[in-house]
Structure formats: C-alpha cells, structure tokens
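Asks: Here you go, one structure.
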Protein chains: 2
Amino acid sequence: MKARIKITLKNGVLDPQGKAIGHALETLGFSGINDVRQGKYIEVKLAETDEARARDAVERMCKDLLANTVIENYSFELES
Amino acid sequence: MKARIKITLKNGVLDPQGKAIGHALETLGFSGINDVRQGKYIEVKLAETDEARARDAVERMCKDLLANTVIENYSFELES
C-alpha cells in the first residue's frame, strides 16, 4: 500500500516560507495571489496490505515522527 | 480559488531526506516500510474565479518557480 501524507501548518501559525513564495510569485508578475502556505508531502510505501492496519500505522507515524501536532495538521490517503 | 500543489522528485532522483525518514521510522519500530519519498505541498489562494484561467496560472507558477522540472514532477487540484 502507498500512503500519501500531507502535512500543513495550522491556521494562525506564521509561515515565512509561504510568504516568501507569495512575494516571489508577485515579483514574477502573477497577480491576485491572496495567500500561500507551504507544507510537506510524504509518500510511504508499506508492505502492509490490510487497509485498517495500514491506516493505523500511518496515523502513528504521523503522530510520532512526521508531524509536529502542536503546530501542524496532517491528512493522508491510502492507495493499494 | 484554492490550488493544492504537490511537488515530488522524479523517479530515479536520489532522495536522501526520504531515506532519512524511512530510517527514523524503522528506528521507532515501524516495520514493512519499503520506500519513503519526501516532496513539497503548497497551497495558493487565488483571487481568480474562472477555473480555466486559474489552472493556466497555477501551471505557469509551477513551471516558473515552484518546481524544478528537471528533477521534479508537479500535480495540482483546484477547489473553488
């Protein structure tokens, strides 16, 4: 199974990297950009084939290592 | 409109950051991890409301700034 994990900063947490991207896009001539937020995207290939167990494992991976749940949210999709 | 952009390394491009995450997960006791790849996730809020024009703008943003198309692939979804 493959897990596609998105990790984003929570609302209200300052995102200087996102701001920098927004400024760079404006400098390049793109207009009408209201907000940019940068996060992480992680793909994990698992040997596990049972969806419930895979979901449980990925949930624990996110909580234990991948996301800092104080300032970040995570979400993921599984694909067999 | 909101664009959710995923930027991933192309197949065959070495991903030391992904490897490090894979090792860390194994150290934490997770087994059956075959491969980990890390990418970037960017959310852009656009003032544009026309989907075709928004799609065109995001495509250009990815090519011009967000992704290095020599080594990276990008994909995005739009949400109104």
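Residues are named by chain letter and number: chains run A, B, ... in the order of the structure tokens, numbers start at 1 in each chain, and ligands are numbered from 1 in the order shown.
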Please provide as a PyMOL selection string all residues within 12 Å of stretch 49-59 of chain A, with the sequence filter that same-chain residues fewer than 5 positions apart are discarded (counting only C-alpha atoms).
Replies: (chain A and resi 1-6+42-44+64-67+69+73-80) or (chain B and resi 25+28-33)
Asks: So which bits of chain A end up helix (DSSP H, G or I) when you DSSP the backbone, as a PyMOL selection string?
Replies: chain A and resi 16-27+51-66
Asks: Quick one: everything within 12 Å of B:Val13, counting only C-alpha atoms, minus sequence neighbours fewer than 6 positions away in the same chain. Send it as a VMD selection string.
Replies: chain B and resid 37 to 39 69 to 73
Asks: Export, as a PDB file, in the first residue's frame, the selected residues with all heavy atoms.
Replies:
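New file selection17.pdb:
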ATOM      1  N   ARG B  37       9.422   8.795   0.145  1.00  0.00           N
ATOM      2  CA  ARG B  37       9.850   9.914  -0.708  1.00  0.00           C
ATOM      3  C   ARG B  37       9.258  11.185  -0.132  1.00  0.00           C
ATOM      4  O   ARG B  37       8.077  11.230   0.203  1.00  0.00           O
ATOM      5  CB  ARG B  37       9.317   9.757  -2.148  1.00  0.00           C
ATOM      6  CG  ARG B  37       9.655   8.461  -2.820  1.00  0.00           C
ATOM      7  CD  ARG B  37      11.024   8.396  -3.402  1.00  0.00           C
ATOM      8  NE  ARG B  37      11.188   9.157  -4.633  1.00  0.00           N
ATOM      9  CZ  ARG B  37      12.386   9.361  -5.199  1.00  0.00           C
ATOM     10  NH1 ARG B  37      13.473   8.866  -4.643  1.00  0.00           N
ATOM     11  NH2 ARG B  37      12.486  10.041  -6.311  1.00  0.00           N
ATOM     12  N   GLN B  38      10.088  12.194  -0.010  1.00  0.00           N
ATOM     13  CA  GLN B  38       9.569  13.464   0.502  1.00  0.00           C
ATOM     14  C   GLN B  38       9.435  14.474  -0.611  1.00  0.00           C
ATOM     15  O   GLN B  38      10.311  14.590  -1.484  1.00  0.00           O
ATOM     16  CB  GLN B  38      10.498  14.012   1.590  1.00  0.00           C
ATOM     17  CG  GLN B  38      10.272  15.503   1.837  1.00  0.00           C
ATOM     18  CD  GLN B  38      10.219  15.926   3.271  1.00  0.00           C
ATOM     19  OE1 GLN B  38      10.816  15.306   4.141  1.00  0.00           O
ATOM     20  NE2 GLN B  38       9.509  17.004   3.535  1.00  0.00           N
ATOM     21  N   GLY B  39       8.344  15.212  -0.569  1.00  0.00           N
ATOM     22  CA  GLY B  39       8.129  16.265  -1.545  1.00  0.00           C
ATOM     23  C   GLY B  39       7.624  17.519  -0.861  1.00  0.00           C
ATOM     24  O   GLY B  39       7.704  17.639   0.352  1.00  0.00           O
ATOM     25  N   THR B  69      11.611  21.496 -12.957  1.00  0.00           N
ATOM     26  CA  THR B  69      11.071  20.422 -13.803  1.00  0.00           C
ATOM     27  C   THR B  69      12.141  19.468 -14.348  1.00  0.00           C
ATOM     28  O   THR B  69      11.812  18.471 -14.970  1.00  0.00           O
ATOM     29  CB  THR B  69      10.249  21.006 -14.976  1.00  0.00           C
ATOM     30  OG1 THR B  69      11.072  21.943 -15.653  1.00  0.00           O
ATOM     31  CG2 THR B  69       9.001  21.687 -14.480  1.00  0.00           C
ATOM     32  N   VAL B  70      13.402  19.786 -14.106  1.00  0.00           N
ATOM     33  CA  VAL B  70      14.455  18.829 -14.495  1.00  0.00           C
ATOM     34  C   VAL B  70      14.402  17.593 -13.591  1.00  0.00           C
ATOM     35  O   VAL B  70      14.544  16.465 -14.051  1.00  0.00           O
ATOM     36  CB  VAL B  70      15.855  19.484 -14.417  1.00  0.00           C
ATOM     37  CG1 VAL B  70      16.942  18.476 -14.755  1.00  0.00           C
ATOM     38  CG2 VAL B  70      15.939  20.679 -15.336  1.00  0.00           C
ATOM     39  N   ILE B  71      14.178  17.840 -12.308  1.00  0.00           N
ATOM     40  CA  ILE B  71      14.203  16.715 -11.350  1.00  0.00           C
ATOM     41  C   ILE B  71      12.880  16.503 -10.622  1.00  0.00           C
ATOM     42  O   ILE B  71      12.727  15.553  -9.870  1.00  0.00           O
ATOM     43  CB  ILE B  71      15.327  16.902 -10.295  1.00  0.00           C
ATOM     44  CG1 ILE B  71      15.180  18.257  -9.569  1.00  0.00           C
ATOM     45  CG2 ILE B  71      16.697  16.799 -10.919  1.00  0.00           C
ATOM     46  CD1 ILE B  71      16.000  18.341  -8.293  1.00  0.00           C
ATOM     47  N   GLU B  72      11.921  17.402 -10.826  1.00  0.00           N
ATOM     48  CA  GLU B  72      10.671  17.285 -10.060  1.00  0.00           C
ATOM     49  C   GLU B  72       9.447  17.220 -10.967  1.00  0.00           C
ATOM     50  O   GLU B  72       9.408  17.817 -12.042  1.00  0.00           O
ATOM     51  CB  GLU B  72      10.523  18.491  -9.111  1.00  0.00           C
ATOM     52  CG  GLU B  72      11.532  18.497  -7.978  1.00  0.00           C
ATOM     53  CD  GLU B  72      11.507  19.783  -7.150  1.00  0.00           C
ATOM     54  OE1 GLU B  72      11.228  20.866  -7.709  1.00  0.00           O
ATOM     55  OE2 GLU B  72      11.770  19.721  -5.945  1.00  0.00           O
ATOM     56  N   ASN B  73       8.438  16.486 -10.478  1.00  0.00           N
ATOM     57  CA  ASN B  73       7.115  16.490 -11.109  1.00  0.00           C
ATOM     58  C   ASN B  73       6.175  17.322 -10.245  1.00  0.00           C
ATOM     59  O   ASN B  73       6.366  17.415  -9.041  1.00  0.00           O
ATOM     60  CB  ASN B  73       6.549  15.072 -11.161  1.00  0.00           C
ATOM     61  CG  ASN B  73       7.269  14.205 -12.160  1.00  0.00           C
ATOM     62  OD1 ASN B  73       7.705  14.676 -13.202  1.00  0.00           O
ATOM     63  ND2 ASN B  73       7.405  12.924 -11.834  1.00  0.00           N
TER      64      ASN B  73
END
Asks: Quick one: residues within 9 Å of B:Val36, only C-alpha atoms, excluding same-chain residues fewer than 4 positions away - as a list in words?
Replies: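 My list of contacting residues is Ile42, Glu43, Val44 and Lys45 of chain A; Asp15, Gln17, Gly18, Lys19, Ala20, Ile21 and Gly22 of chain B.
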Asks: As a PyMOL selection string, please: all residues of stretch 9-45 of chain B that backbone DSSP puts in strand (DSSP E).
Replies: chain B and resi 9+33-45
Asks: Just the selected residues (all heavy atoms), exported as a JSON list (two decimals), in the first residue's frame, please.
Replies:
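As a result, selection_14.json now contains:
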[["chain", "number", "residue", "atom", "x", "y", "z"],
["B", 9, "LEU", "N", 9.86, 14.50, -6.26],
["B", 9, "LEU", "CA", 11.05, 14.19, -7.05],
["B", 9, "LEU", "C", 10.70, 13.14, -8.10],
["B", 9, "LEU", "O", 9.91, 12.23, -7.84],
["B", 9, "LEU", "CB", 12.15, 13.66, -6.14],
["B", 9, "LEU", "CG", 12.87, 14.71, -5.29],
["B", 9, "LEU", "CD1", 13.72, 14.04, -4.23],
["B", 9, "LEU", "CD2", 13.74, 15.60, -6.17],
["B", 33, "ILE", "N", 8.37, -1.04, 5.89],
["B", 33, "ILE", "CA", 8.41, 0.21, 5.12],
["B", 33, "ILE", "C", 9.33, 0.01, 3.93],
["B", 33, "ILE", "O", 10.52, -0.24, 4.10],
["B", 33, "ILE", "CB", 8.88, 1.37, 6.01],
["B", 33, "ILE", "CG1", 7.78, 1.66, 7.02],
["B", 33, "ILE", "CG2", 9.17, 2.61, 5.18],
["B", 33, "ILE", "CD1", 8.19, 2.57, 8.11],
["B", 34, "ASN", "N", 8.76, 0.06, 2.74],
["B", 34, "ASN", "CA", 9.56, -0.24, 1.55],
["B", 34, "ASN", "C", 10.27, 0.98, 0.99],
["B", 34, "ASN", "O", 11.39, 0.89, 0.53],
["B", 34, "ASN", "CB", 8.67, -0.84, 0.46],
["B", 34, "ASN", "CG", 8.17, -2.22, 0.86],
["B", 34, "ASN", "OD1", 8.79, -2.88, 1.70],
["B", 34, "ASN", "ND2", 7.06, -2.64, 0.30],
["B", 35, "ASP", "N", 9.63, 2.11, 1.04],
["B", 35, "ASP", "CA", 10.24, 3.28, 0.43],
["B", 35, "ASP", "C", 9.55, 4.54, 0.95],
["B", 35, "ASP", "O", 8.34, 4.54, 1.18],
["B", 35, "ASP", "CB", 10.08, 3.21, -1.10],
["B", 35, "ASP", "CG", 10.94, 4.24, -1.81],
["B", 35, "ASP", "OD1", 11.99, 4.61, -1.26],
["B", 35, "ASP", "OD2", 10.55, 4.69, -2.90],
["B", 36, "VAL", "N", 10.32, 5.59, 1.15],
["B", 36, "VAL", "CA", 9.75, 6.87, 1.56],
["B", 36, "VAL", "C", 10.29, 7.94, 0.64],
["B", 36, "VAL", "O", 11.49, 7.97, 0.35],
["B", 36, "VAL", "CB", 10.13, 7.22, 3.03],
["B", 36, "VAL", "CG1", 9.50, 8.54, 3.44],
["B", 36, "VAL", "CG2", 9.70, 6.12, 3.98],
["B", 37, "ARG", "N", 9.42, 8.80, 0.15],
["B", 37, "ARG", "CA", 9.85, 9.91, -0.71],
["B", 37, "ARG", "C", 9.26, 11.19, -0.13],
["B", 37, "ARG", "O", 8.08, 11.23, 0.20],
["B", 37, "ARG", "CB", 9.32, 9.76, -2.15],
["B", 37, "ARG", "CG", 9.66, 8.46, -2.82],
["B", 37, "ARG", "CD", 11.02, 8.40, -3.40],
["B", 37, "ARG", "NE", 11.19, 9.16, -4.63],
["B", 37, "ARG", "CZ", 12.39, 9.36, -5.20],
["B", 37, "ARG", "NH1", 13.47, 8.87, -4.64],
["B", 37, "ARG", "NH2", 12.49, 10.04, -6.31],
["B", 38, "GLN", "N", 10.09, 12.19, -0.01],
["B", 38, "GLN", "CA", 9.57, 13.46, 0.50],
["B", 38, "GLN", "C", 9.43, 14.47, -0.61],
["B", 38, "GLN", "O", 10.31, 14.59, -1.48],
["B", 38, "GLN", "CB", 10.50, 14.01, 1.59],
["B", 38, "GLN", "CG", 10.27, 15.50, 1.84],
["B", 38, "GLN", "CD", 10.22, 15.93, 3.27],
["B", 38, "GLN", "OE1", 10.82, 15.31, 4.14],
["B", 38, "GLN", "NE2", 9.51, 17.00, 3.54],
["B", 39, "GLY", "N", 8.34, 15.21, -0.57],
["B", 39, "GLY", "CA", 8.13, 16.26, -1.54],
["B", 39, "GLY", "C", 7.62, 17.52, -0.86],
["B", 39, "GLY", "O", 7.70, 17.64, 0.35],
["B", 40, "LYS", "N", 7.12, 18.43, -1.65],
["B", 40, "LYS", "CA", 6.60, 19.68, -1.10],
["B", 40, "LYS", "C", 5.11, 19.77, -1.38],
["B", 40, "LYS", "O", 4.60, 19.24, -2.35],
["B", 40, "LYS", "CB", 7.30, 20.87, -1.76],
["B", 40, "LYS", "CG", 8.65, 21.15, -1.18],
["B", 40, "LYS", "CD", 9.31, 22.31, -1.89],
["B", 40, "LYS", "CE", 9.94, 21.85, -3.19],
["B", 40, "LYS", "NZ", 10.66, 22.92, -3.88],
["B", 41, "TYR", "N", 4.43, 20.46, -0.51],
["B", 41, "TYR", "CA", 3.00, 20.67, -0.68],
["B", 41, "TYR", "C", 2.75, 22.17, -0.52],
["B", 41, "TYR", "O", 3.18, 22.76, 0.47],
["B", 41, "TYR", "CB", 2.24, 19.88, 0.38],
["B", 41, "TYR", "CG", 0.77, 20.14, 0.39],
["B", 41, "TYR", "CD1", -0.02, 19.70, -0.66],
["B", 41, "TYR", "CD2", 0.18, 20.83, 1.43],
["B", 41, "TYR", "CE1", -1.38, 19.96, -0.66],
["B", 41, "TYR", "CE2", -1.18, 21.08, 1.43],
["B", 41, "TYR", "CZ", -1.96, 20.64, 0.39],
["B", 41, "TYR", "OH", -3.30, 20.91, 0.38],
["B", 42, "ILE", "N", 2.13, 22.78, -1.49],
["B", 42, "ILE", "CA", 1.93, 24.23, -1.45],
["B", 42, "ILE", "C", 0.46, 24.54, -1.73],
["B", 42, "ILE", "O", -0.12, 24.01, -2.67],
["B", 42, "ILE", "CB", 2.84, 24.94, -2.49],
["B", 42, "ILE", "CG1", 4.31, 24.65, -2.17],
["B", 42, "ILE", "CG2", 2.59, 26.44, -2.49],
["B", 42, "ILE", "CD1", 5.28, 25.10, -3.25],
["B", 43, "GLU", "N", -0.12, 25.37, -0.88],
["B", 43, "GLU", "CA", -1.49, 25.84, -1.11],
["B", 43, "GLU", "C", -1.44, 27.30, -1.52],
["B", 43, "GLU", "O", -0.82, 28.11, -0.83],
["B", 43, "GLU", "CB", -2.32, 25.72, 0.17],
["B", 43, "GLU", "CG", -2.78, 24.31, 0.46],
["B", 43, "GLU", "CD", -3.64, 24.24, 1.72],
["B", 43, "GLU", "OE1", -3.86, 25.28, 2.36],
["B", 43, "GLU", "OE2", -4.09, 23.14, 2.05],
["B", 44, "VAL", "N", -2.07, 27.62, -2.62],
["B", 44, "VAL", "CA", -2.10, 29.00, -3.10],
["B", 44, "VAL", "C", -3.56, 29.44, -3.20],
["B", 44, "VAL", "O", -4.36, 28.78, -3.87],
["B", 44, "VAL", "CB", -1.42, 29.15, -4.48],
["B", 44, "VAL", "CG1", -1.43, 30.60, -4.93],
["B", 44, "VAL", "CG2", 0.01, 28.63, -4.43],
["B", 45, "LYS", "N", -3.88, 30.52, -2.52],
["B", 45, "LYS", "CA", -5.23, 31.09, -2.65],
["B", 45, "LYS", "C", -5.20, 32.17, -3.71],
["B", 45, "LYS", "O", -4.43, 33.12, -3.63],
["B", 45, "LYS", "CB", -5.69, 31.69, -1.32],
["B", 45, "LYS", "CG", -6.32, 30.66, -0.43],
["B", 45, "LYS", "CD", -7.03, 31.31, 0.76],
["B", 45, "LYS", "CE", -7.14, 30.31, 1.88],
["B", 45, "LYS", "NZ", -6.95, 30.91, 3.21]]
